[in-house]
>>> print(open('upload_19.cif').read())   # mmCIF, C-alpha atoms
data_coords
#
loop_
_atom_site.group_PDB
_atom_site.id
_atom_site.type_symbol
_atom_site.label_atom_id
_atom_site.label_comp_id
_atom_site.auth_asym_id
_atom_site.auth_seq_id
_atom_site.Cartn_x
_atom_site.Cartn_y
_atom_site.Cartn_z
ATOM 1 C CA MET D 1 156.267 -109.168 47.419
ATOM 2 C CA PRO D 2 154.211 -109.867 50.530
ATOM 3 C CA GLY D 3 154.217 -107.458 53.438
ATOM 4 C CA PRO D 4 155.495 -108.155 56.935
ATOM 5 C CA THR D 5 154.981 -111.609 58.404
ATOM 6 C CA PHE D 6 152.058 -111.662 60.830
ATOM 7 C CA LEU D 7 152.022 -115.421 61.575
ATOM 8 C CA SER D 8 154.679 -118.047 60.882
ATOM 9 C CA GLY D 9 154.439 -121.774 60.367
ATOM 10 C CA GLU D 10 156.949 -124.424 59.353
ATOM 11 C CA SER D 11 156.643 -123.887 55.588
ATOM 12 C CA VAL D 12 154.459 -120.811 55.145
ATOM 13 C CA SER D 13 154.052 -117.359 56.586
ATOM 14 C CA LEU D 14 150.869 -115.325 56.664
ATOM 15 C CA CYS D 15 151.761 -111.792 55.626
ATOM 16 C CA THR D 16 149.897 -108.528 55.292
ATOM 17 C CA VAL D 17 148.467 -107.827 51.857
ATOM 18 C CA GLU D 18 150.297 -104.949 50.195
ATOM 19 C CA GLU D 19 149.839 -103.007 46.948
ATOM 20 C CA GLY D 20 152.448 -105.188 45.238
ATOM 21 C CA ASP D 21 150.330 -108.308 45.911
ATOM 22 C CA ILE D 22 147.264 -107.007 44.079
ATOM 23 C CA SER D 23 148.379 -108.152 40.609
ATOM 24 C CA PHE D 24 149.175 -111.655 41.947
ATOM 25 C CA VAL D 25 145.705 -111.884 43.528
ATOM 26 C CA HIS D 26 144.061 -110.515 40.372
ATOM 27 C CA GLU D 27 145.804 -113.011 38.102
ATOM 28 C CA THR D 28 145.135 -115.976 40.365
ATOM 29 C CA VAL D 29 141.444 -115.427 41.196
ATOM 30 C CA ASN D 30 140.747 -115.143 37.470
ATOM 31 C CA SER D 31 142.565 -118.375 36.589
ATOM 32 C CA PRO D 32 140.106 -121.093 35.478
ATOM 33 C CA ASP D 33 141.332 -123.557 38.120
ATOM 34 C CA ILE D 34 140.658 -121.121 40.967
ATOM 35 C CA ARG D 35 137.592 -119.183 39.815
ATOM 36 C CA LYS D 36 135.376 -122.219 39.242
ATOM 37 C CA THR D 37 135.569 -123.055 42.956
ATOM 38 C CA MET D 38 134.891 -119.486 44.088
ATOM 39 C CA GLN D 39 131.374 -118.273 44.592
ATOM 40 C CA PRO D 40 130.290 -116.365 42.723
ATOM 41 C CA SER D 41 132.369 -117.689 39.831
ATOM 42 C CA ARG D 42 132.856 -114.535 37.802
ATOM 43 C CA PRO D 43 135.630 -112.317 36.471
ATOM 44 C CA TYR D 44 137.167 -109.817 38.873
ATOM 45 C CA SER D 45 138.702 -106.593 37.571
ATOM 46 C CA LEU D 46 141.924 -105.188 38.941
ATOM 47 C CA ASN D 47 139.957 -102.322 40.526
ATOM 48 C CA GLU D 48 137.561 -104.770 42.250
ATOM 49 C CA ILE D 49 140.498 -106.712 43.690
ATOM 50 C CA ARG D 50 142.213 -103.512 44.798
ATOM 51 C CA SER D 51 139.033 -102.307 46.536
ATOM 52 C CA LEU D 52 138.882 -105.516 48.582
ATOM 53 C CA PHE D 53 142.160 -104.592 50.216
ATOM 54 C CA THR D 54 141.816 -100.825 50.440
ATOM 55 C CA ALA D 55 138.470 -100.717 52.258
ATOM 56 C CA ASP D 56 138.383 -99.119 55.696
ATOM 57 C CA PRO D 57 139.571 -101.878 58.055
ATOM 58 C CA GLU D 58 137.204 -100.628 60.762
ATOM 59 C CA SER D 59 134.181 -101.214 58.506
ATOM 60 C CA SER D 60 135.143 -104.726 57.417
ATOM 61 C CA SER D 61 134.968 -107.971 59.353
ATOM 62 C CA ALA D 62 137.309 -109.690 56.905
ATOM 63 C CA VAL D 63 140.822 -110.762 57.799
ATOM 64 C CA ARG D 64 143.098 -111.595 54.868
ATOM 65 C CA PHE D 65 146.700 -112.670 54.518
ATOM 66 C CA VAL D 66 149.029 -113.474 51.669
ATOM 67 C CA VAL D 67 150.347 -117.019 52.043
ATOM 68 C CA ALA D 68 154.081 -116.811 51.433
ATOM 69 C CA VAL D 69 156.893 -119.309 51.123
ATOM 70 C CA ASP D 70 160.125 -117.488 51.866
ATOM 71 C CA THR D 71 159.375 -114.167 50.167
ATOM 72 C CA GLU D 72 157.181 -115.515 47.357
ATOM 73 C CA ALA D 73 153.379 -115.203 47.407
ATOM 74 C CA VAL D 74 151.740 -118.590 46.801
ATOM 75 C CA GLY D 75 148.141 -117.907 47.846
ATOM 76 C CA LEU D 76 145.619 -116.028 49.919
ATOM 77 C CA VAL D 77 143.873 -117.040 53.141
ATOM 78 C CA GLY D 78 141.420 -115.278 55.386
ATOM 79 C CA TYR D 79 138.041 -115.271 57.011
ATOM 80 C CA SER D 80 134.867 -113.231 57.137
ATOM 81 C CA ILE D 81 132.711 -112.949 60.231
ATOM 82 C CA GLU D 82 129.335 -114.569 59.564
ATOM 83 C CA ASP D 83 127.800 -113.891 62.993
ATOM 84 C CA THR D 84 129.502 -111.414 65.313
ATOM 85 C CA SER D 85 127.484 -112.185 68.437
ATOM 86 C CA ALA D 86 128.012 -115.948 68.137
ATOM 87 C CA GLY D 87 131.659 -115.672 67.046
ATOM 88 C CA ILE D 88 131.229 -117.566 63.767
ATOM 89 C CA ALA D 89 133.536 -117.020 60.798
ATOM 90 C CA GLU D 90 133.926 -118.554 57.351
ATOM 91 C CA PRO D 91 137.478 -119.187 56.124
ATOM 92 C CA SER D 92 138.634 -118.962 52.550
ATOM 93 C CA CYS D 93 141.862 -120.177 51.045
ATOM 94 C CA TRP D 94 143.344 -120.614 47.636
ATOM 95 C CA ILE D 95 146.819 -121.536 46.570
ATOM 96 C CA HIS D 96 148.171 -120.710 43.112
ATOM 97 C CA PRO D 97 147.864 -123.847 40.925
ATOM 98 C CA SER D 98 151.638 -123.976 40.400
ATOM 99 C CA ASN D 99 151.973 -124.665 44.150
ATOM 100 C CA TRP D 100 149.223 -127.251 44.603
ATOM 101 C CA GLY D 101 150.070 -130.434 46.473
ATOM 102 C CA GLU D 102 152.746 -128.897 48.704
ATOM 103 C CA GLY D 103 150.598 -128.685 51.873
ATOM 104 C CA TYR D 104 150.636 -124.875 51.897
ATOM 105 C CA GLY D 105 146.836 -124.584 52.056
ATOM 106 C CA SER D 106 146.514 -126.897 55.057
ATOM 107 C CA GLU D 107 149.218 -125.105 56.989
ATOM 108 C CA ALA D 108 147.763 -121.685 56.125
ATOM 109 C CA ILE D 109 144.270 -122.716 57.288
ATOM 110 C CA GLU D 110 145.714 -124.187 60.502
ATOM 111 C CA LEU D 111 147.501 -120.906 61.257
ATOM 112 C CA LEU D 112 144.355 -118.935 60.454
ATOM 113 C CA VAL D 113 142.102 -121.120 62.629
ATOM 114 C CA GLU D 114 144.571 -120.996 65.520
ATOM 115 C CA TYR D 115 144.675 -117.208 65.240
ATOM 116 C CA GLY D 116 140.872 -116.953 65.081
ATOM 117 C CA PHE D 117 140.255 -119.161 68.088
ATOM 118 C CA LYS D 118 143.104 -118.001 70.322
ATOM 119 C CA GLN D 119 143.543 -114.333 69.397
ATOM 120 C CA ARG D 120 140.110 -113.264 68.129
ATOM 121 C CA ARG D 121 137.957 -115.362 70.504
ATOM 122 C CA LEU D 122 135.976 -116.969 67.703
ATOM 123 C CA HIS D 123 133.729 -119.856 68.669
ATOM 124 C CA LYS D 124 133.258 -121.642 65.337
ATOM 125 C CA PHE D 125 134.462 -121.750 61.758
ATOM 126 C CA VAL D 126 132.028 -122.833 59.057
ATOM 127 C CA ALA D 127 132.906 -123.774 55.480
ATOM 128 C CA GLU D 128 130.740 -124.279 52.416
ATOM 129 C CA VAL D 129 132.510 -126.372 49.760
ATOM 130 C CA VAL D 130 131.197 -127.077 46.258
ATOM 131 C CA GLU D 131 130.720 -130.849 46.021
ATOM 132 C CA PHE D 132 133.200 -131.361 43.168
ATOM 133 C CA ASN D 133 136.022 -129.565 44.994
ATOM 134 C CA ASP D 134 137.686 -132.660 46.456
ATOM 135 C CA ALA D 135 140.893 -130.798 47.313
ATOM 136 C CA SER D 136 139.035 -128.300 49.525
ATOM 137 C CA LYS D 137 137.013 -131.049 51.184
ATOM 138 C CA ARG D 138 140.251 -132.922 51.989
ATOM 139 C CA LEU D 139 141.839 -129.713 53.272
ATOM 140 C CA VAL D 140 139.080 -128.807 55.740
ATOM 141 C CA GLU D 141 138.729 -132.418 56.903
ATOM 142 C CA LYS D 142 142.503 -132.656 57.444
ATOM 143 C CA VAL D 143 142.383 -129.542 59.627
ATOM 144 C CA GLY D 144 139.545 -131.027 61.717
ATOM 145 C CA PHE D 145 136.324 -129.686 60.214
ATOM 146 C CA VAL D 146 133.325 -132.015 60.500
ATOM 147 C CA GLU D 147 130.674 -132.416 57.822
ATOM 148 C CA GLU D 148 127.419 -130.892 59.096
ATOM 149 C CA GLY D 149 125.124 -131.046 56.088
ATOM 150 C CA ARG D 150 124.476 -130.372 52.454
ATOM 151 C CA LEU D 151 122.807 -127.587 50.499
ATOM 152 C CA ARG D 152 121.240 -129.091 47.400
ATOM 153 C CA GLU D 153 121.954 -127.397 44.079
ATOM 154 C CA GLN D 154 123.316 -124.369 45.922
ATOM 155 C CA ASP D 155 125.899 -123.182 43.388
ATOM 156 C CA PHE D 156 125.823 -122.776 39.617
ATOM 157 C CA VAL D 157 129.206 -123.481 38.005
ATOM 158 C CA ASP D 158 130.007 -124.036 34.333
ATOM 159 C CA GLY D 159 126.355 -124.359 33.365
ATOM 160 C CA GLN D 160 125.358 -126.835 36.075
ATOM 161 C CA TYR D 161 123.929 -126.712 39.579
ATOM 162 C CA HIS D 162 126.040 -128.331 42.290
ATOM 163 C CA ASP D 163 125.439 -129.247 45.904
ATOM 164 C CA CYS D 164 127.567 -127.659 48.602
ATOM 165 C CA VAL D 165 128.857 -129.594 51.576
ATOM 166 C CA LEU D 166 128.706 -127.744 54.891
ATOM 167 C CA TYR D 167 131.499 -128.150 57.438
ATOM 168 C CA GLY D 168 132.050 -126.796 60.933
ATOM 169 C CA LEU D 169 134.857 -126.656 63.471
ATOM 170 C CA LEU D 170 134.273 -125.606 67.086
ATOM 171 C CA ALA D 171 136.956 -124.009 69.222
ATOM 172 C CA THR D 172 136.603 -126.848 71.751
ATOM 173 C CA GLU D 173 137.201 -129.437 69.010
ATOM 174 C CA TRP D 174 140.255 -127.537 67.795
ATOM 175 C CA GLN D 175 141.662 -127.322 71.320
ATOM 176 C CA SER D 176 141.063 -131.017 72.119
ATOM 177 C CA CYS D 177 142.790 -132.224 68.941
ATOM 178 C CA ARG D 178 145.827 -130.028 69.776
ATOM 179 C CA GLU D 179 146.312 -131.443 73.293
#
>>> encode(input="upload_19.cif", output="structure tokens")
Amino acid sequence: MPGPTFLSGESVSLCTVEEGDISFVHETVNSPDIRKTMQPSRPYSLNEIRSLFTADPESSSAVRFVVAVDTEAVGLVGYSIEDTSAGIAEPSCWIHPSNWGEGYGSEAIELLVEYGFKQRRLHKFVAEVVEFNDASKRLVEKVGFVEEGRLREQDFVDGQYHDCVLYGLLATEWQSCRE
């Protein structure tokens, strides 16, 4: 069961990650539908997942939340700081396959981006999406990210090299589309 609600939207809440969420995260990141879009695409042990959430918060630039609907965990969303001095972060989001198509990912990313820009004074979010991941490309575009480029044969998934599409969203763009 997710921890306390940190941010609330219409359908989802972003909650703190608690010990009871670790098995949900472990199961989901190892599911074939999720892992093939994660980089690196590899198995994660329960101890590896646990260590992601038990690291000293002062030594990590990552912010992570459980995406919850009512009191049920449906996914994970967060960001990692890519460049502290420039205020650039990279978001990540996955929703359990049983909850795909409900709009939970879009709402979670919107809440995360709003938090990053307004509360953490970030300047830009950047996203790198494997070319075959149409759902993630639609999600970031829906939120307002703009395609900025392509990295050729950047990721190796299921025995093949794939391009990655680069996206960016500036705080000024986010603000202007909210006015």
>>> resolve_selection(input="upload_19.cif", expression="the PyMOL selection byres ((chain D and resi 82-99) around 8)", output="PyMOL selection string")
chain D and resi 28+33-34+67+74-81+100-102+104-105+108-109+121-127
>>> atom_distance(input="upload_19.cif", atom1="CA of Gln119 in chain D", atom2="CA of Val29 in chain D")
28.3 Å
>>> resolve_selection(input="upload_19.cif", expression="the PyMOL selection byres ((chain D and resi 150) around 9)", output="ChimeraX atom specification")
/D:128,131,147-149,151-152,154,163-167
>>> atom_distance(input="upload_19.cif", atom1="CA of Trp174 in chain D", atom2="CA of Glu110 in chain D")
9.7 Å
>>> residues_around(input="upload_19.cif", residues="range 10-16 of chain D", least_positions_apart="6", cutoff="9 Å", atoms="only C-alpha atoms", output="PyMOL selection string")
chain D and resi 2-4+64-71+76-77+103-104+107-108+111-112
>>> atom_distance(input="upload_19.cif", atom1="CA of Arg42 in chain D", atom2="CA of Val157 in chain D")
9.7 Å
>>> residues_around(input="upload_19.cif", residues="Cys177 in chain D", least_positions_apart="5", cutoff="10 Å", atoms="only C-alpha atoms", output="PDB file with C-alpha atoms, in the frame of the given file")
ATOM      1  CA  VAL D 143     142.383-129.542  59.627  1.00  0.00           C
ATOM      2  CA  GLY D 144     139.545-131.027  61.717  1.00  0.00           C
ATOM      3  CA  THR D 172     136.603-126.848  71.751  1.00  0.00           C
TER       4      THR D 172
END
>>> closest_residue(input="upload_19.cif", among="D:Ser106, D:Leu46, D:Asn133, D:Gly159", to="Gly9 in chain D", atoms="all atoms listed in the file")
D:Ser106
>>> closest_residue(input="upload_19.cif", among="D:Lys118, D:His26, D:Arg50, D:Lys36", to="Gln160 in chain D", atoms="all atoms listed in the file")
D:Lys36
>>> build_atoms(input="upload_19.cif", residues="range 21-56 of chain D", atoms="N, CA and C atoms", output="PDB file, in the coordinates of the input")
ATOM      1  N   ASP D  21     150.958-106.989  45.990  1.00  0.00           N
ATOM      2  CA  ASP D  21     150.330-108.308  45.911  1.00  0.00           C
ATOM      3  C   ASP D  21     149.066-108.309  45.059  1.00  0.00           C
ATOM      4  N   ILE D  22     148.556-107.118  44.758  1.00  0.00           N
ATOM      5  CA  ILE D  22     147.264-107.007  44.079  1.00  0.00           C
ATOM      6  C   ILE D  22     147.288-107.698  42.714  1.00  0.00           C
ATOM      7  N   SER D  23     148.338-107.524  41.939  1.00  0.00           N
ATOM      8  CA  SER D  23     148.379-108.152  40.609  1.00  0.00           C
ATOM      9  C   SER D  23     148.435-109.675  40.723  1.00  0.00           C
ATOM     10  N   PHE D  24     149.142-110.203  41.715  1.00  0.00           N
ATOM     11  CA  PHE D  24     149.175-111.655  41.947  1.00  0.00           C
ATOM     12  C   PHE D  24     147.777-112.169  42.269  1.00  0.00           C
ATOM     13  N   VAL D  25     147.064-111.485  43.163  1.00  0.00           N
ATOM     14  CA  VAL D  25     145.705-111.884  43.528  1.00  0.00           C
ATOM     15  C   VAL D  25     144.797-111.801  42.306  1.00  0.00           C
ATOM     16  N   HIS D  26     144.890-110.714  41.564  1.00  0.00           N
ATOM     17  CA  HIS D  26     144.061-110.515  40.372  1.00  0.00           C
ATOM     18  C   HIS D  26     144.266-111.633  39.361  1.00  0.00           C
ATOM     19  N   GLU D  27     145.506-111.942  39.065  1.00  0.00           N
ATOM     20  CA  GLU D  27     145.804-113.011  38.102  1.00  0.00           C
ATOM     21  C   GLU D  27     145.268-114.351  38.592  1.00  0.00           C
ATOM     22  N   THR D  28     145.470-114.649  39.857  1.00  0.00           N
ATOM     23  CA  THR D  28     145.135-115.976  40.365  1.00  0.00           C
ATOM     24  C   THR D  28     143.636-116.185  40.507  1.00  0.00           C
ATOM     25  N   VAL D  29     142.890-115.219  41.030  1.00  0.00           N
ATOM     26  CA  VAL D  29     141.444-115.427  41.196  1.00  0.00           C
ATOM     27  C   VAL D  29     140.729-115.535  39.856  1.00  0.00           C
ATOM     28  N   ASN D  30     141.344-115.038  38.796  1.00  0.00           N
ATOM     29  CA  ASN D  30     140.747-115.143  37.470  1.00  0.00           C
ATOM     30  C   ASN D  30     141.215-116.372  36.698  1.00  0.00           C
ATOM     31  N   SER D  31     142.120-117.154  37.276  1.00  0.00           N
ATOM     32  CA  SER D  31     142.565-118.375  36.589  1.00  0.00           C
ATOM     33  C   SER D  31     141.431-119.396  36.621  1.00  0.00           C
ATOM     34  N   PRO D  32     141.219-120.130  35.537  1.00  0.00           N
ATOM     35  CA  PRO D  32     140.106-121.093  35.478  1.00  0.00           C
ATOM     36  C   PRO D  32     140.105-122.105  36.621  1.00  0.00           C
ATOM     37  N   ASP D  33     141.266-122.553  37.055  1.00  0.00           N
ATOM     38  CA  ASP D  33     141.332-123.557  38.120  1.00  0.00           C
ATOM     39  C   ASP D  33     140.868-123.011  39.468  1.00  0.00           C
ATOM     40  N   ILE D  34     141.055-121.734  39.697  1.00  0.00           N
ATOM     41  CA  ILE D  34     140.658-121.121  40.967  1.00  0.00           C
ATOM     42  C   ILE D  34     139.229-120.600  40.897  1.00  0.00           C
ATOM     43  N   ARG D  35     138.889-119.867  39.864  1.00  0.00           N
ATOM     44  CA  ARG D  35     137.592-119.183  39.815  1.00  0.00           C
ATOM     45  C   ARG D  35     136.404-120.126  39.841  1.00  0.00           C
ATOM     46  N   LYS D  36     136.542-121.333  39.270  1.00  0.00           N
ATOM     47  CA  LYS D  36     135.376-122.219  39.242  1.00  0.00           C
ATOM     48  C   LYS D  36     134.997-122.724  40.630  1.00  0.00           C
ATOM     49  N   THR D  37     135.899-122.630  41.590  1.00  0.00           N
ATOM     50  CA  THR D  37     135.569-123.055  42.956  1.00  0.00           C
ATOM     51  C   THR D  37     135.177-121.887  43.850  1.00  0.00           C
ATOM     52  N   MET D  38     135.276-120.675  43.321  1.00  0.00           N
ATOM     53  CA  MET D  38     134.891-119.486  44.088  1.00  0.00           C
ATOM     54  C   MET D  38     133.431-119.163  43.800  1.00  0.00           C
ATOM     55  N   GLN D  39     132.760-118.669  44.795  1.00  0.00           N
ATOM     56  CA  GLN D  39     131.374-118.273  44.592  1.00  0.00           C
ATOM     57  C   GLN D  39     131.217-116.808  44.946  1.00  0.00           C
ATOM     58  N   PRO D  40     130.718-115.982  44.065  1.00  0.00           N
ATOM     59  CA  PRO D  40     130.290-116.365  42.723  1.00  0.00           C
ATOM     60  C   PRO D  40     131.485-116.524  41.794  1.00  0.00           C
ATOM     61  N   SER D  41     131.342-117.446  40.836  1.00  0.00           N
ATOM     62  CA  SER D  41     132.369-117.689  39.831  1.00  0.00           C
ATOM     63  C   SER D  41     132.179-116.664  38.718  1.00  0.00           C
ATOM     64  N   ARG D  42     132.983-115.611  38.781  1.00  0.00           N
ATOM     65  CA  ARG D  42     132.856-114.535  37.802  1.00  0.00           C
ATOM     66  C   ARG D  42     134.201-113.848  37.659  1.00  0.00           C
ATOM     67  N   PRO D  43     134.371-113.051  36.605  1.00  0.00           N
ATOM     68  CA  PRO D  43     135.630-112.317  36.471  1.00  0.00           C
ATOM     69  C   PRO D  43     135.714-111.177  37.487  1.00  0.00           C
ATOM     70  N   TYR D  44     136.916-110.924  37.955  1.00  0.00           N
ATOM     71  CA  TYR D  44     137.167-109.817  38.873  1.00  0.00           C
ATOM     72  C   TYR D  44     138.161-108.862  38.221  1.00  0.00           C
ATOM     73  N   SER D  45     137.798-107.592  38.145  1.00  0.00           N
ATOM     74  CA  SER D  45     138.702-106.593  37.571  1.00  0.00           C
ATOM     75  C   SER D  45     139.796-106.250  38.584  1.00  0.00           C
ATOM     76  N   LEU D  46     140.832-105.628  38.068  1.00  0.00           N
ATOM     77  CA  LEU D  46     141.924-105.188  38.941  1.00  0.00           C
ATOM     78  C   LEU D  46     141.406-104.195  39.975  1.00  0.00           C
ATOM     79  N   ASN D  47     140.514-103.294  39.576  1.00  0.00           N
ATOM     80  CA  ASN D  47     139.957-102.322  40.526  1.00  0.00           C
ATOM     81  C   ASN D  47     139.121-103.000  41.606  1.00  0.00           C
ATOM     82  N   GLU D  48     138.353-104.041  41.247  1.00  0.00           N
ATOM     83  CA  GLU D  48     137.561-104.770  42.250  1.00  0.00           C
ATOM     84  C   GLU D  48     138.480-105.439  43.269  1.00  0.00           C
ATOM     85  N   ILE D  49     139.542-106.055  42.781  1.00  0.00           N
ATOM     86  CA  ILE D  49     140.498-106.712  43.690  1.00  0.00           C
ATOM     87  C   ILE D  49     141.148-105.664  44.583  1.00  0.00           C
ATOM     88  N   ARG D  50     141.569-104.570  44.007  1.00  0.00           N
ATOM     89  CA  ARG D  50     142.213-103.512  44.798  1.00  0.00           C
ATOM     90  C   ARG D  50     141.265-103.003  45.890  1.00  0.00           C
ATOM     91  N   SER D  51     139.983-102.844  45.555  1.00  0.00           N
ATOM     92  CA  SER D  51     139.033-102.307  46.536  1.00  0.00           C
ATOM     93  C   SER D  51     138.815-103.262  47.709  1.00  0.00           C
ATOM     94  N   LEU D  52     139.005-104.556  47.483  1.00  0.00           N
ATOM     95  CA  LEU D  52     138.882-105.516  48.582  1.00  0.00           C
ATOM     96  C   LEU D  52     139.910-105.253  49.678  1.00  0.00           C
ATOM     97  N   PHE D  53     141.061-104.761  49.265  1.00  0.00           N
ATOM     98  CA  PHE D  53     142.160-104.592  50.216  1.00  0.00           C
ATOM     99  C   PHE D  53     142.370-103.154  50.650  1.00  0.00           C
ATOM    100  N   THR D  54     141.638-102.222  50.063  1.00  0.00           N
ATOM    101  CA  THR D  54     141.816-100.825  50.440  1.00  0.00           C
ATOM    102  C   THR D  54     140.609-100.284  51.204  1.00  0.00           C
ATOM    103  N   ALA D  55     139.635-101.147  51.482  1.00  0.00           N
ATOM    104  CA  ALA D  55     138.470-100.717  52.258  1.00  0.00           C
ATOM    105  C   ALA D  55     138.900-100.351  53.675  1.00  0.00           C
ATOM    106  N   ASP D  56     138.119 -99.522  54.314  1.00  0.00           N
ATOM    107  CA  ASP D  56     138.383 -99.119  55.696  1.00  0.00           C
ATOM    108  C   ASP D  56     138.384-100.354  56.586  1.00  0.00           C
TER     109      ASP D  56
END
